[in-house]
$ cat structure_4.txt   # compact mmCIF, C-alpha atoms and all ligand atoms
# COMPACT_ATOMS: atom_id res chain seq x y z
CA MET A 1105 66.14 95.92 80.37
CA LYS A 1106 63.17 95.04 78.20
CA LYS A 1107 64.07 93.20 75.05
CA ASP A 1108 63.45 94.67 71.64
CA GLY A 1109 60.88 92.01 70.71
CA ASP A 1110 58.66 92.98 73.65
CA ILE A 1111 58.26 96.52 72.45
CA PHE A 1112 58.22 96.09 68.72
CA ARG A 1113 56.26 92.89 68.18
CA PHE A 1114 52.93 93.27 66.41
CA ALA A 1115 50.58 90.73 64.89
CA SER A 1116 51.57 90.65 61.22
CA ASN A 1117 48.14 91.58 59.84
CA GLU A 1118 47.95 94.81 61.85
CA PHE A 1119 51.55 95.71 61.30
CA SER A 1120 51.87 98.05 58.37
CA GLU A 1121 49.95 100.96 59.87
CA LYS A 1122 51.48 100.61 63.27
CA SER A 1123 54.95 100.11 61.88
CA ALA A 1124 54.73 103.27 59.82
CA ALA A 1125 53.78 105.14 62.98
CA ARG A 1126 56.68 103.50 64.79
CA LEU A 1127 59.38 105.55 63.04
CA SER A 1128 59.14 109.28 63.53
CA ASN A 1129 61.64 109.80 60.69
CA ASP A 1130 61.42 107.20 57.92
CA SER A 1131 62.99 109.36 55.17
CA PHE A 1132 66.03 107.07 54.93
CA LEU A 1133 63.92 103.93 54.41
CA ARG A 1134 61.71 105.73 51.91
CA ALA A 1135 64.68 106.99 49.90
CA LEU A 1136 66.22 103.50 49.85
CA PHE A 1137 62.96 102.28 48.29
CA LYS A 1138 62.91 105.23 45.87
CA GLU A 1139 59.81 106.73 47.44
CA GLU A 1140 59.17 110.48 47.80
CA THR A 1141 60.73 112.18 50.81
CA ALA A 1142 60.40 115.73 52.19
CA TYR A 1143 64.17 116.19 51.82
CA THR A 1144 67.24 114.10 51.00
CA PRO A 1145 68.15 111.97 54.02
CA ILE A 1146 71.76 111.87 55.17
CA TRP A 1147 73.94 109.67 57.36
CA LEU A 1148 77.71 109.17 57.23
CA MET A 1149 79.82 106.05 57.10
CA ARG A 1150 81.82 105.93 60.37
CA GLN A 1151 79.62 108.65 61.81
CA ALA A 1152 80.26 107.41 65.35
CA GLY A 1153 84.04 107.33 65.24
CA ARG A 1154 87.22 109.01 66.28
CA TYR A 1155 86.48 112.52 64.96
CA LEU A 1156 84.07 112.96 67.89
CA PRO A 1157 85.75 114.16 71.11
CA GLU A 1158 83.09 112.37 73.19
CA TYR A 1159 84.01 109.11 71.43
CA ARG A 1160 87.72 109.61 72.11
CA ALA A 1161 87.02 110.45 75.76
CA LEU A 1162 84.85 107.37 76.29
CA ARG A 1163 87.35 105.08 74.55
CA GLU A 1164 90.11 106.53 76.73
CA ARG A 1165 88.03 105.94 79.84
CA VAL A 1166 87.16 102.30 79.05
CA GLY A 1167 90.62 101.57 77.62
CA SER A 1168 89.99 100.22 74.11
CA PHE A 1169 87.78 100.11 71.04
CA ALA A 1170 87.01 96.40 71.68
CA ARG A 1171 85.63 97.16 75.16
CA LEU A 1172 83.24 99.63 73.55
CA TYR A 1173 81.77 97.36 70.92
CA LYS A 1174 81.71 94.23 73.13
CA ASP A 1175 79.54 95.99 75.71
CA PRO A 1176 76.00 96.50 74.33
CA GLU A 1177 75.28 99.49 76.57
CA LEU A 1178 78.51 101.24 75.59
CA SER A 1179 78.06 100.33 71.93
CA CYS A 1180 74.60 101.89 72.10
CA GLU A 1181 75.93 104.99 73.81
CA VAL A 1182 78.53 105.49 71.05
CA ALA A 1183 76.01 104.85 68.24
CA LEU A 1184 73.89 107.66 69.65
CA PHE A 1185 76.74 110.20 69.94
CA PRO A 1186 76.44 111.55 66.38
CA LEU A 1187 72.63 111.69 66.63
CA ALA A 1188 72.88 113.86 69.72
CA ARG A 1189 74.95 116.36 67.76
CA PHE A 1190 73.47 116.29 64.26
CA PRO A 1191 69.95 115.67 62.86
CA LEU A 1192 71.08 112.57 60.96
CA ASP A 1193 68.47 110.37 59.31
CA ALA A 1194 69.90 106.95 60.22
CA ALA A 1195 71.88 105.26 62.97
CA ILE A 1196 74.38 102.44 62.45
CA VAL A 1197 75.16 99.84 65.06
CA PHE A 1198 78.52 100.55 66.65
CA SER A 1199 80.65 97.48 65.92
CA ASP A 1200 83.14 96.36 63.29
CA ILE A 1201 83.14 94.07 60.27
CA LEU A 1202 86.04 92.12 61.82
CA THR A 1203 83.98 90.75 64.70
CA ILE A 1204 83.04 87.86 62.40
CA PRO A 1205 86.60 86.57 61.78
CA ASP A 1206 87.27 87.15 65.49
CA ALA A 1207 84.33 84.86 66.29
CA MET A 1208 85.84 82.34 63.84
CA GLY A 1209 88.88 82.13 66.12
CA LEU A 1210 91.39 84.37 64.33
CA GLY A 1211 92.22 86.44 67.42
CA LEU A 1212 91.47 90.09 66.66
CA SER A 1213 93.18 93.02 68.29
CA PHE A 1214 93.17 96.70 67.41
CA ILE A 1215 96.57 98.32 67.71
CA GLU A 1216 96.74 102.08 68.24
CA ASN A 1217 97.66 103.87 64.99
CA GLU A 1218 98.13 100.56 63.15
CA GLY A 1219 94.60 99.24 62.87
CA PRO A 1220 93.30 95.72 63.17
CA LYS A 1221 95.61 92.67 63.52
CA PHE A 1222 94.79 88.98 63.53
CA GLU A 1223 96.92 86.68 65.65
CA TYR A 1224 96.12 83.70 63.40
CA PRO A 1225 95.85 84.88 59.79
CA LEU A 1226 94.85 82.22 57.26
CA ARG A 1227 98.14 81.09 55.78
CA ASP A 1228 97.99 77.29 55.66
CA GLU A 1229 95.59 74.82 54.16
CA ARG A 1230 94.84 73.07 57.43
CA ALA A 1231 93.63 76.24 59.13
CA ILE A 1232 91.55 77.02 56.06
CA ARG A 1233 89.93 73.58 56.06
CA GLU A 1234 89.09 73.96 59.75
CA LEU A 1235 87.15 77.21 59.31
CA PHE A 1236 83.65 77.12 60.77
CA VAL A 1237 80.54 79.29 60.82
CA PRO A 1238 80.16 80.77 64.31
CA ASP A 1239 76.76 80.83 66.00
CA PRO A 1240 75.82 84.52 65.88
CA PHE A 1241 73.75 84.28 69.06
CA ASP A 1242 76.62 82.67 70.95
CA ARG A 1243 80.04 84.00 69.93
CA LEU A 1244 78.57 87.24 68.59
CA ARG A 1245 75.92 87.60 71.27
CA TYR A 1246 77.33 91.02 72.16
CA LEU A 1247 76.59 92.23 68.63
CA ALA A 1248 72.97 91.00 68.65
CA ASP A 1249 72.56 92.62 72.07
CA ALA A 1250 74.14 95.88 70.86
CA VAL A 1251 71.60 95.93 68.02
CA SER A 1252 68.58 95.36 70.26
CA THR A 1253 69.83 97.81 72.90
CA THR A 1254 70.45 100.51 70.29
CA ARG A 1255 67.13 99.90 68.55
CA HIS A 1256 65.33 100.22 71.86
CA ALA A 1257 67.19 103.42 72.79
CA LEU A 1258 66.43 104.98 69.39
CA ALA A 1259 62.74 104.63 70.21
CA GLY A 1260 61.77 105.01 66.55
CA ARG A 1261 63.66 108.25 66.00
CA VAL A 1262 65.50 106.98 62.89
CA PRO A 1263 66.10 103.52 61.39
CA LEU A 1264 69.00 101.38 62.58
CA ILE A 1265 71.49 99.90 60.10
CA GLY A 1266 73.08 96.50 60.75
CA PHE A 1267 76.12 95.50 58.70
CA THR A 1268 78.71 92.98 57.66
CA GLY A 1269 81.79 93.00 55.49
CA SER A 1270 81.37 91.28 52.14
CA PRO A 1271 82.77 87.75 52.12
CA TYR A 1272 85.66 88.91 49.91
CA THR A 1273 86.53 91.88 52.14
CA LEU A 1274 86.42 89.74 55.27
CA ALA A 1275 88.60 87.13 53.55
CA CYS A 1276 91.14 89.84 52.67
CA TYR A 1277 91.60 90.80 56.32
CA MET A 1278 91.64 87.14 57.38
CA ILE A 1279 94.36 86.22 54.88
CA GLU A 1280 96.48 89.37 55.12
CA GLY A 1281 96.11 89.51 58.93
CA GLY A 1282 95.30 93.23 58.90
CA ILE A 1283 95.31 96.23 56.59
CA SER A 1284 97.28 95.55 53.41
CA LYS A 1285 98.71 97.83 50.75
CA ASP A 1286 99.46 95.22 48.11
CA TYR A 1287 97.15 92.27 49.04
CA ARG A 1288 100.15 90.02 48.45
CA PHE A 1289 98.85 86.93 50.27
CA VAL A 1290 95.30 87.30 48.91
CA LYS A 1291 96.45 87.72 45.32
CA THR A 1292 98.89 84.83 45.63
CA MET A 1293 96.03 82.62 46.80
CA ILE A 1294 93.61 83.85 44.12
CA TYR A 1295 96.03 83.05 41.31
CA ASP A 1296 97.80 79.98 42.80
CA ARG A 1297 95.07 78.27 44.79
CA PRO A 1298 91.66 79.59 43.73
CA ASP A 1299 90.13 76.44 45.23
CA LEU A 1300 91.31 77.49 48.70
CA MET A 1301 90.04 81.04 48.19
CA HIS A 1302 86.65 79.68 47.18
CA HIS A 1303 86.56 77.47 50.25
CA ILE A 1304 87.24 80.46 52.53
CA LEU A 1305 84.62 82.56 50.74
CA ASP A 1306 82.10 79.76 51.00
CA VAL A 1307 82.39 79.56 54.79
CA VAL A 1308 82.69 83.32 55.28
CA ALA A 1309 79.59 83.95 53.14
CA ASP A 1310 77.57 81.70 55.47
CA ALA A 1311 79.06 83.43 58.50
CA ALA A 1312 78.35 86.92 57.13
CA LEU A 1313 74.80 85.95 56.21
CA SER A 1314 73.96 84.42 59.56
CA CYS A 1315 75.50 87.39 61.38
CA LEU A 1316 73.54 89.92 59.35
CA ASN A 1317 70.31 87.95 59.72
CA ALA A 1318 70.92 87.79 63.48
CA GLN A 1319 71.18 91.59 63.46
CA ILE A 1320 67.89 91.84 61.55
CA GLU A 1321 66.25 89.45 64.01
CA SER A 1322 67.59 91.65 66.81
CA GLY A 1323 66.09 94.84 65.37
CA ALA A 1324 68.27 96.12 62.50
CA GLN A 1325 65.97 97.74 59.92
CA VAL A 1326 68.49 98.02 57.06
CA ALA A 1327 71.26 95.58 56.09
CA MET A 1328 74.50 96.99 54.72
CA ILE A 1329 77.35 95.04 53.13
CA PHE A 1330 80.76 96.73 52.95
CA ASP A 1331 82.90 95.45 50.09
CA SER A 1332 85.69 97.85 51.00
CA CYS A 1333 88.41 95.74 49.35
CA GLY A 1334 86.47 94.69 46.21
CA GLY A 1335 87.96 97.48 44.11
CA VAL A 1336 91.46 95.97 44.15
CA LEU A 1337 90.33 93.09 41.93
CA SER A 1338 90.44 92.75 38.16
CA THR A 1339 86.99 92.62 36.58
CA ALA A 1340 87.31 88.88 36.03
CA ALA A 1341 88.45 88.31 39.62
CA PHE A 1342 85.67 90.55 40.99
CA ARG A 1343 83.13 88.46 39.07
CA GLU A 1344 84.63 85.26 40.41
CA PHE A 1345 85.63 86.06 44.02
CA SER A 1346 83.51 88.94 45.23
CA LEU A 1347 80.22 89.42 43.43
CA PRO A 1348 78.79 85.86 43.63
CA TYR A 1349 79.40 85.68 47.37
CA THR A 1350 77.88 89.10 48.03
CA ARG A 1351 74.93 88.03 45.89
CA ARG A 1352 74.57 84.92 48.03
CA VAL A 1353 74.44 87.04 51.18
CA VAL A 1354 71.82 89.37 49.66
CA ALA A 1355 69.74 86.40 48.47
CA GLY A 1356 69.71 84.81 51.93
CA LEU A 1357 68.82 87.95 53.88
CA ILE A 1358 65.56 88.20 55.77
CA LYS A 1359 63.52 90.42 53.42
CA GLU A 1360 60.67 91.28 55.71
CA LYS A 1361 60.32 91.39 59.46
CA GLU A 1362 56.99 91.86 61.18
CA GLY A 1363 55.49 93.40 58.05
CA GLU A 1364 58.43 95.78 57.39
CA ARG A 1365 60.60 95.35 54.30
CA ILE A 1366 64.31 95.20 55.10
CA PRO A 1367 66.32 96.95 52.37
CA SER A 1368 69.96 96.07 51.71
CA ILE A 1369 72.79 98.35 50.58
CA ILE A 1370 76.02 97.22 48.94
CA PHE A 1371 79.01 99.55 49.12
CA THR A 1372 81.91 98.50 46.89
CA LYS A 1373 84.86 100.83 47.26
CA GLY A 1374 86.43 101.18 43.81
CA GLY A 1375 83.49 99.33 42.26
CA GLY A 1376 82.51 102.04 39.74
CA ALA A 1377 83.18 99.78 36.76
CA TRP A 1378 80.71 97.14 37.93
CA LEU A 1379 77.64 99.10 39.02
CA GLU A 1380 75.23 97.31 36.68
CA SER A 1381 76.17 93.86 37.94
CA ILE A 1382 76.16 94.93 41.58
CA ALA A 1383 72.70 96.46 41.06
CA ASP A 1384 71.61 93.08 39.71
CA THR A 1385 72.25 91.25 42.98
CA GLY A 1386 68.80 92.05 44.34
CA CYS A 1387 69.95 94.77 46.76
CA ALA A 1388 67.78 97.87 47.23
CA SER A 1389 70.61 100.38 47.05
CA LEU A 1390 74.20 100.94 45.96
CA GLY A 1391 76.69 102.89 48.05
CA LEU A 1392 79.06 104.84 45.80
CA ASP A 1393 82.59 106.01 46.45
CA TRP A 1394 83.56 109.56 45.50
CA MET A 1395 85.24 108.57 42.22
CA THR A 1396 81.89 107.77 40.60
CA ASP A 1397 79.59 110.46 39.18
CA LEU A 1398 76.15 110.09 40.74
CA GLY A 1399 74.21 111.12 37.64
CA GLU A 1400 76.12 108.70 35.45
CA ALA A 1401 75.65 105.93 38.00
CA ARG A 1402 71.93 106.70 38.06
CA ARG A 1403 71.67 106.37 34.28
CA ARG A 1404 73.62 103.13 34.31
CA VAL A 1405 71.57 101.37 36.98
CA GLY A 1406 68.40 102.54 35.26
CA GLY A 1407 66.21 103.03 38.29
CA LYS A 1408 66.79 99.47 39.47
CA VAL A 1409 68.24 100.57 42.81
CA SER A 1410 68.53 103.74 44.88
CA LEU A 1411 71.95 105.33 45.31
CA GLN A 1412 73.84 106.39 48.39
CA GLY A 1413 76.79 108.74 48.35
CA ASN A 1414 79.17 110.20 47.55
CA LEU A 1415 80.97 113.30 48.80
CA ASP A 1416 84.75 112.96 48.98
CA PRO A 1417 85.30 112.49 52.77
CA GLN A 1418 88.28 114.84 52.54
CA ALA A 1419 86.02 117.66 51.34
CA LEU A 1420 85.07 117.85 55.02
CA PHE A 1421 88.51 119.30 55.77
CA ALA A 1422 87.44 122.52 53.99
CA ALA A 1423 85.71 125.39 55.77
CA PRO A 1424 81.98 124.91 56.54
CA ASP A 1425 80.76 127.22 53.75
CA ARG A 1426 82.92 125.30 51.24
CA VAL A 1427 81.56 122.02 52.59
CA ALA A 1428 78.04 123.30 51.88
CA VAL A 1429 79.01 124.19 48.28
CA GLU A 1430 80.48 120.73 47.71
CA ALA A 1431 77.37 119.08 49.15
CA VAL A 1432 75.17 120.97 46.70
CA LYS A 1433 77.40 119.86 43.81
CA VAL A 1434 76.91 116.24 44.80
CA ILE A 1435 73.14 116.63 45.05
CA ASP A 1436 72.98 118.43 41.70
CA SER A 1437 75.13 115.76 40.07
CA TYR A 1438 72.37 113.21 40.84
CA GLY A 1439 69.97 115.09 38.55
CA PRO A 1440 66.77 117.09 38.61
CA ASP A 1441 64.64 114.82 40.78
CA ALA A 1442 66.36 113.62 43.95
CA THR A 1443 64.03 110.64 44.53
CA GLY A 1444 66.11 107.59 45.40
CA LEU A 1445 69.11 109.48 46.75
CA VAL A 1446 70.58 109.03 50.22
CA PHE A 1447 73.35 111.50 50.91
CA ASN A 1448 76.53 110.02 52.37
CA LEU A 1449 80.27 110.28 52.00
CA GLY A 1450 82.14 108.22 49.42
CA HIS A 1451 83.88 106.45 52.32
CA GLY A 1452 84.18 106.80 56.09
CA VAL A 1453 84.53 110.15 57.84
CA SER A 1454 88.18 110.83 58.65
CA GLN A 1455 89.28 111.05 62.27
CA PHE A 1456 90.71 114.50 61.46
CA THR A 1457 87.33 115.98 60.47
CA PRO A 1458 86.18 118.87 62.67
CA PRO A 1459 82.67 118.00 63.97
CA GLU A 1460 81.43 121.52 63.08
CA HIS A 1461 82.08 120.70 59.43
CA VAL A 1462 79.85 117.65 59.72
CA ALA A 1463 77.17 119.90 61.25
CA ALA A 1464 77.50 122.23 58.24
CA LEU A 1465 77.17 119.30 55.84
CA VAL A 1466 74.02 117.87 57.42
CA GLU A 1467 72.47 121.33 57.58
CA ALA A 1468 73.34 122.09 53.94
CA VAL A 1469 71.90 118.82 52.62
CA HIS A 1470 68.65 119.24 54.51
CA ARG A 1471 68.31 122.92 53.70
CA TYR A 1472 69.10 122.63 50.00
CA THR A 1473 66.90 119.64 49.31
CA ARG A 1474 63.95 121.03 51.29
CA LYS A 1475 63.69 124.13 49.04
CA PRO A 1476 60.76 124.19 46.64
CA LYS A 1477 61.82 122.79 43.27
CA SER A 1478 61.15 126.00 41.34
CA THR A 1479 63.81 127.97 43.24
CA LYS A 1480 66.55 125.56 42.36
CA LYS A 1481 69.04 125.77 39.57
CA THR A 1482 69.02 122.21 38.32
CA ARG A 1483 66.48 120.39 40.40
O1 LIG B 1 88.88 103.83 68.23
C1 LIG B 1 89.48 103.20 67.36
O2 LIG B 1 90.71 103.31 67.17
C2 LIG B 1 88.72 102.29 66.47
C3 LIG B 1 88.47 102.86 65.12
C4 LIG B 1 87.35 102.08 64.50
C5 LIG B 1 85.98 102.38 64.56
C6 LIG B 1 85.33 103.55 65.24
C7 LIG B 1 87.49 100.87 63.80
C8 LIG B 1 88.76 100.18 63.55
N1 LIG B 1 86.23 100.43 63.43
C9 LIG B 1 85.28 101.33 63.87
C10 LIG B 1 83.82 101.22 63.77
C11 LIG B 1 83.22 100.73 62.53
N2 LIG B 1 83.86 100.01 61.56
C12 LIG B 1 81.86 100.89 62.16
C13 LIG B 1 80.73 101.47 63.02
C14 LIG B 1 80.78 102.90 63.28
C15 LIG B 1 80.15 103.80 62.27
O3 LIG B 1 80.12 103.52 61.05
O4 LIG B 1 79.70 104.85 62.72
C16 LIG B 1 81.71 100.33 60.90
C17 LIG B 1 80.47 100.32 60.03
C18 LIG B 1 82.97 99.77 60.54
C19 LIG B 1 83.20 99.02 59.30
C20 LIG B 1 84.55 98.66 58.90
N3 LIG B 1 85.62 98.29 59.69
C21 LIG B 1 84.95 98.53 57.54
C22 LIG B 1 84.05 98.73 56.34
C23 LIG B 1 83.79 100.13 56.01
C24 LIG B 1 84.99 100.90 55.51
O5 LIG B 1 85.34 101.87 56.20
O6 LIG B 1 85.53 100.54 54.45
C25 LIG B 1 86.30 98.15 57.53
C26 LIG B 1 87.15 97.90 56.31
C27 LIG B 1 86.71 97.98 58.89
C28 LIG B 1 88.04 97.52 59.38
C29 LIG B 1 88.68 98.43 60.35
N4 LIG B 1 88.19 98.68 61.59
C30 LIG B 1 88.98 99.62 62.22
C31 LIG B 1 90.07 99.94 61.36
C32 LIG B 1 91.17 100.89 61.67
C33 LIG B 1 89.87 99.17 60.19
C34 LIG B 1 90.77 99.11 59.00
C35 LIG B 1 90.28 99.92 57.86
C36 LIG B 1 90.29 101.39 58.11
O7 LIG B 1 91.31 101.93 58.58
O8 LIG B 1 89.27 102.01 57.84
$ encode --input "structure_4.txt" --output "structure tokens" --more "lines below"
Ligand code: 1CP
Amino acid sequence: MKKDGDIFRFASNEFSEKSAARLSNDSFLRALFKEETAYTPIWLMRQAGRYLPEYRALRERVGSFARLYKDPELSCEVALFPLARFPLDAAIVFSDILTIPDAMGLGLSFIENEGPKFEYPLRDERAIRELFVPDPFDRLRYLADAVSTTRHALAGRVPLIGFTGSPYTLACYMIEGGISKDYRFVKTMIYDRPDLMHHILDVVADAALSCLNAQIESGAQVAMIFDSCGGVLSTAAFREFSLPYTRRVVAGLIKEKEGERIPSIIFTKGGGAWLESIADTGCASLGLDWMTDLGEARRRVGGKVSLQGNLDPQALFAAPDRVAVEAVKVIDSYGPDATGLVFNLGHGVSQFTPPEHVAALVEAVHRYTRKPKSTKKTR
């Protein structure tokens, strides 16, 4: 197969015109940069997951989730599943945030109905001191290859999102060894041995940054950072253990590739109290969970960043016509002019979501936001 660089490389001085022509749908990139769009673009966190019967069938056939994301061709196939069904405005590389700790030697497995488990969670000082930054083009080669394969297959249809967990969120999984309800080991470390926590975060921040930059080098056009566990922290602890390390990742990201700006998005689940400081990290956009009012968030960040969100993922359990009503409420909550809004869910799509409800959502967002302004109630 031809490599991404062969098809997409242009001399930098002739790039901007050609690069604009390269994407047939750039509404997502434009909205991230708060530029005018013909309608509000939409994509969904976890859009390529278990709610799709074709995903479940393929996973069954190959035997596991890990076999899917470790094989660039299969990863690409899965990333394209939702785009074959719905006119979504972005694709996301099919992988997982936990590939980084796996590459750091923690031994990742995904257990049916239990979620991720690490064989060697970080519980003693020696293991913590031995942590290293993996070479993203060696131990995570499959991820870089999944990005370039998917980018090539998209052929400019929509932009491709690369991603990482925030250093704090990755550290949570590495210390707890999997999903945690009470974050007992993490909180013990934060309060008893903050020095050890900072050491972990220091190494993981470098690992997350190099992994995300490797994805950008391989063709990712947007960089997303998931701080899915950030919201369990006190404000003081968030400022000490999460925000500075996310900021460091944002600061180190490749900002432009072959004449194209690379926007970054930070999603902090439960981060509603800290929007101003997250918007100050230098990211282009904030992902919002469903607890935060979009209009209020917009006023608070004062036009500094675009916003992405934030329908309650469980609203998708309702009948399609109700889903459409809820989508309109979210769009209206953003305010009269929808510039700078990317529609998304407030968290990942549930595995129990009927795909027809997702179809209704995408249709409703496009239809409602395409209407001429004068016919709308509040826009
Ligand atoms: O088939 C299976 O059983 C695997 C289920 C699955 C899938 C489809 C997991 C296990 N991860 C993924 C893919 C994934 N994970 C993607 C790409 C697909 C897409 O978005 O379309 C992305 C972006 C992630 C990111 C991810 N993984 C996050 C951050 C975002 C979030 O949801 O908060 C987190 C916290 C994880 C950890 C993870 N991976 C998988 C599980 C079950 C978990 C634990 C957390 C959870 O249950 O959501």
$ residues_near_ligand --input "structure_4.txt" --ligand "ligand LIG 1 (chain B)" --cutoff "6 Å" --atoms "all atoms listed in the file" --output "ChimeraX atom specification"
/A:1149-1154,1169,1196,1198-1201,1219-1220,1283,1330,1332,1452
$ residues_near_point --input "structure_4.txt" --point "(84.5, 110.7, 52.4)" --cutoff "9 Å" --atoms "only C-alpha atoms" --output "PDB file with C-alpha atoms, in the frame of the given file"
ATOM      1  CA  LEU A1148      77.710 109.170  57.230  1.00  0.00           C
ATOM      2  CA  MET A1149      79.820 106.050  57.100  1.00  0.00           C
ATOM      3  CA  ASP A1393      82.590 106.010  46.450  1.00  0.00           C
ATOM      4  CA  TRP A1394      83.560 109.560  45.500  1.00  0.00           C
ATOM      5  CA  GLY A1413      76.790 108.740  48.350  1.00  0.00           C
ATOM      6  CA  ASN A1414      79.170 110.200  47.550  1.00  0.00           C
ATOM      7  CA  LEU A1415      80.970 113.300  48.800  1.00  0.00           C
ATOM      8  CA  ASP A1416      84.750 112.960  48.980  1.00  0.00           C
ATOM      9  CA  PRO A1417      85.300 112.490  52.770  1.00  0.00           C
ATOM     10  CA  GLN A1418      88.280 114.840  52.540  1.00  0.00           C
ATOM     11  CA  ALA A1419      86.020 117.660  51.340  1.00  0.00           C
ATOM     12  CA  LEU A1420      85.070 117.850  55.020  1.00  0.00           C
ATOM     13  CA  ASN A1448      76.530 110.020  52.370  1.00  0.00           C
ATOM     14  CA  LEU A1449      80.270 110.280  52.000  1.00  0.00           C
ATOM     15  CA  GLY A1450      82.140 108.220  49.420  1.00  0.00           C
ATOM     16  CA  HIS A1451      83.880 106.450  52.320  1.00  0.00           C
ATOM     17  CA  GLY A1452      84.180 106.800  56.090  1.00  0.00           C
ATOM     18  CA  VAL A1453      84.530 110.150  57.840  1.00  0.00           C
ATOM     19  CA  SER A1454      88.180 110.830  58.650  1.00  0.00           C
TER      20      SER A1454
END
$ atom_distance --input "structure_4.txt" --atom1 "atom CA of A:Val1434" --atom2 "atom CA of A:Leu1398"
7.4 Å
$ closest_residue --input "structure_4.txt" --among "A:Thr1443, A:Thr1385, A:Ser1284, A:Asn1317" --to "A:Leu1357" --atoms "all atoms listed in the file"
A:Asn1317
$ atom_distance --input "structure_4.txt" --atom1 "atom CA of A:Val1432" --atom2 "atom CA of A:Leu1411"
16.0 Å
$ residues_around --input "structure_4.txt" --residues "A:Val1409" --least-positions-apart "2" --cutoff "10 Å" --atoms "all atoms listed in the file" --output "list in words"
Leu1136, Phe1137, Lys1138, Ile1369, Glu1380, Ile1382, Ala1383, Asp1384, Gly1386, Cys1387, Ala1388, Ser1389, Leu1390, Arg1402, Val1405, Gly1406, Gly1407, Leu1411, Gln1412, Gly1444 and Leu1445 of chain A
$ residues_near_point --input "structure_4.txt" --point "(83.1, 112.3, 69.5)" --cutoff "12 Å" --atoms "all atoms listed in the file" --output "PDB file with C-alpha atoms, keeping the file's coordinate frame"
ATOM      1  CA  ARG A1150      81.820 105.930  60.370  1.00  0.00           C
ATOM      2  CA  GLN A1151      79.620 108.650  61.810  1.00  0.00           C
ATOM      3  CA  ALA A1152      80.260 107.410  65.350  1.00  0.00           C
ATOM      4  CA  GLY A1153      84.040 107.330  65.240  1.00  0.00           C
ATOM      5  CA  ARG A1154      87.220 109.010  66.280  1.00  0.00           C
ATOM      6  CA  TYR A1155      86.480 112.520  64.960  1.00  0.00           C
ATOM      7  CA  LEU A1156      84.070 112.960  67.890  1.00  0.00           C
ATOM      8  CA  PRO A1157      85.750 114.160  71.110  1.00  0.00           C
ATOM      9  CA  GLU A1158      83.090 112.370  73.190  1.00  0.00           C
ATOM     10  CA  TYR A1159      84.010 109.110  71.430  1.00  0.00           C
ATOM     11  CA  ARG A1160      87.720 109.610  72.110  1.00  0.00           C
ATOM     12  CA  ALA A1161      87.020 110.450  75.760  1.00  0.00           C
ATOM     13  CA  LEU A1162      84.850 107.370  76.290  1.00  0.00           C
ATOM     14  CA  ARG A1163      87.350 105.080  74.550  1.00  0.00           C
ATOM     15  CA  GLU A1164      90.110 106.530  76.730  1.00  0.00           C
ATOM     16  CA  GLU A1181      75.930 104.990  73.810  1.00  0.00           C
ATOM     17  CA  VAL A1182      78.530 105.490  71.050  1.00  0.00           C
ATOM     18  CA  ALA A1183      76.010 104.850  68.240  1.00  0.00           C
ATOM     19  CA  LEU A1184      73.890 107.660  69.650  1.00  0.00           C
ATOM     20  CA  PHE A1185      76.740 110.200  69.940  1.00  0.00           C
ATOM     21  CA  PRO A1186      76.440 111.550  66.380  1.00  0.00           C
ATOM     22  CA  LEU A1187      72.630 111.690  66.630  1.00  0.00           C
ATOM     23  CA  ALA A1188      72.880 113.860  69.720  1.00  0.00           C
ATOM     24  CA  ARG A1189      74.950 116.360  67.760  1.00  0.00           C
ATOM     25  CA  PHE A1190      73.470 116.290  64.260  1.00  0.00           C
ATOM     26  CA  VAL A1453      84.530 110.150  57.840  1.00  0.00           C
ATOM     27  CA  GLN A1455      89.280 111.050  62.270  1.00  0.00           C
ATOM     28  CA  PHE A1456      90.710 114.500  61.460  1.00  0.00           C
ATOM     29  CA  THR A1457      87.330 115.980  60.470  1.00  0.00           C
ATOM     30  CA  PRO A1458      86.180 118.870  62.670  1.00  0.00           C
ATOM     31  CA  PRO A1459      82.670 118.000  63.970  1.00  0.00           C
ATOM     32  CA  GLU A1460      81.430 121.520  63.080  1.00  0.00           C
ATOM     33  CA  VAL A1462      79.850 117.650  59.720  1.00  0.00           C
TER      34      VAL A1462
END
$ atom_distance --input "structure_4.txt" --atom1 "atom CA of A:Gly1399" --atom2 "atom CA of A:Ser1437"
5.3 Å
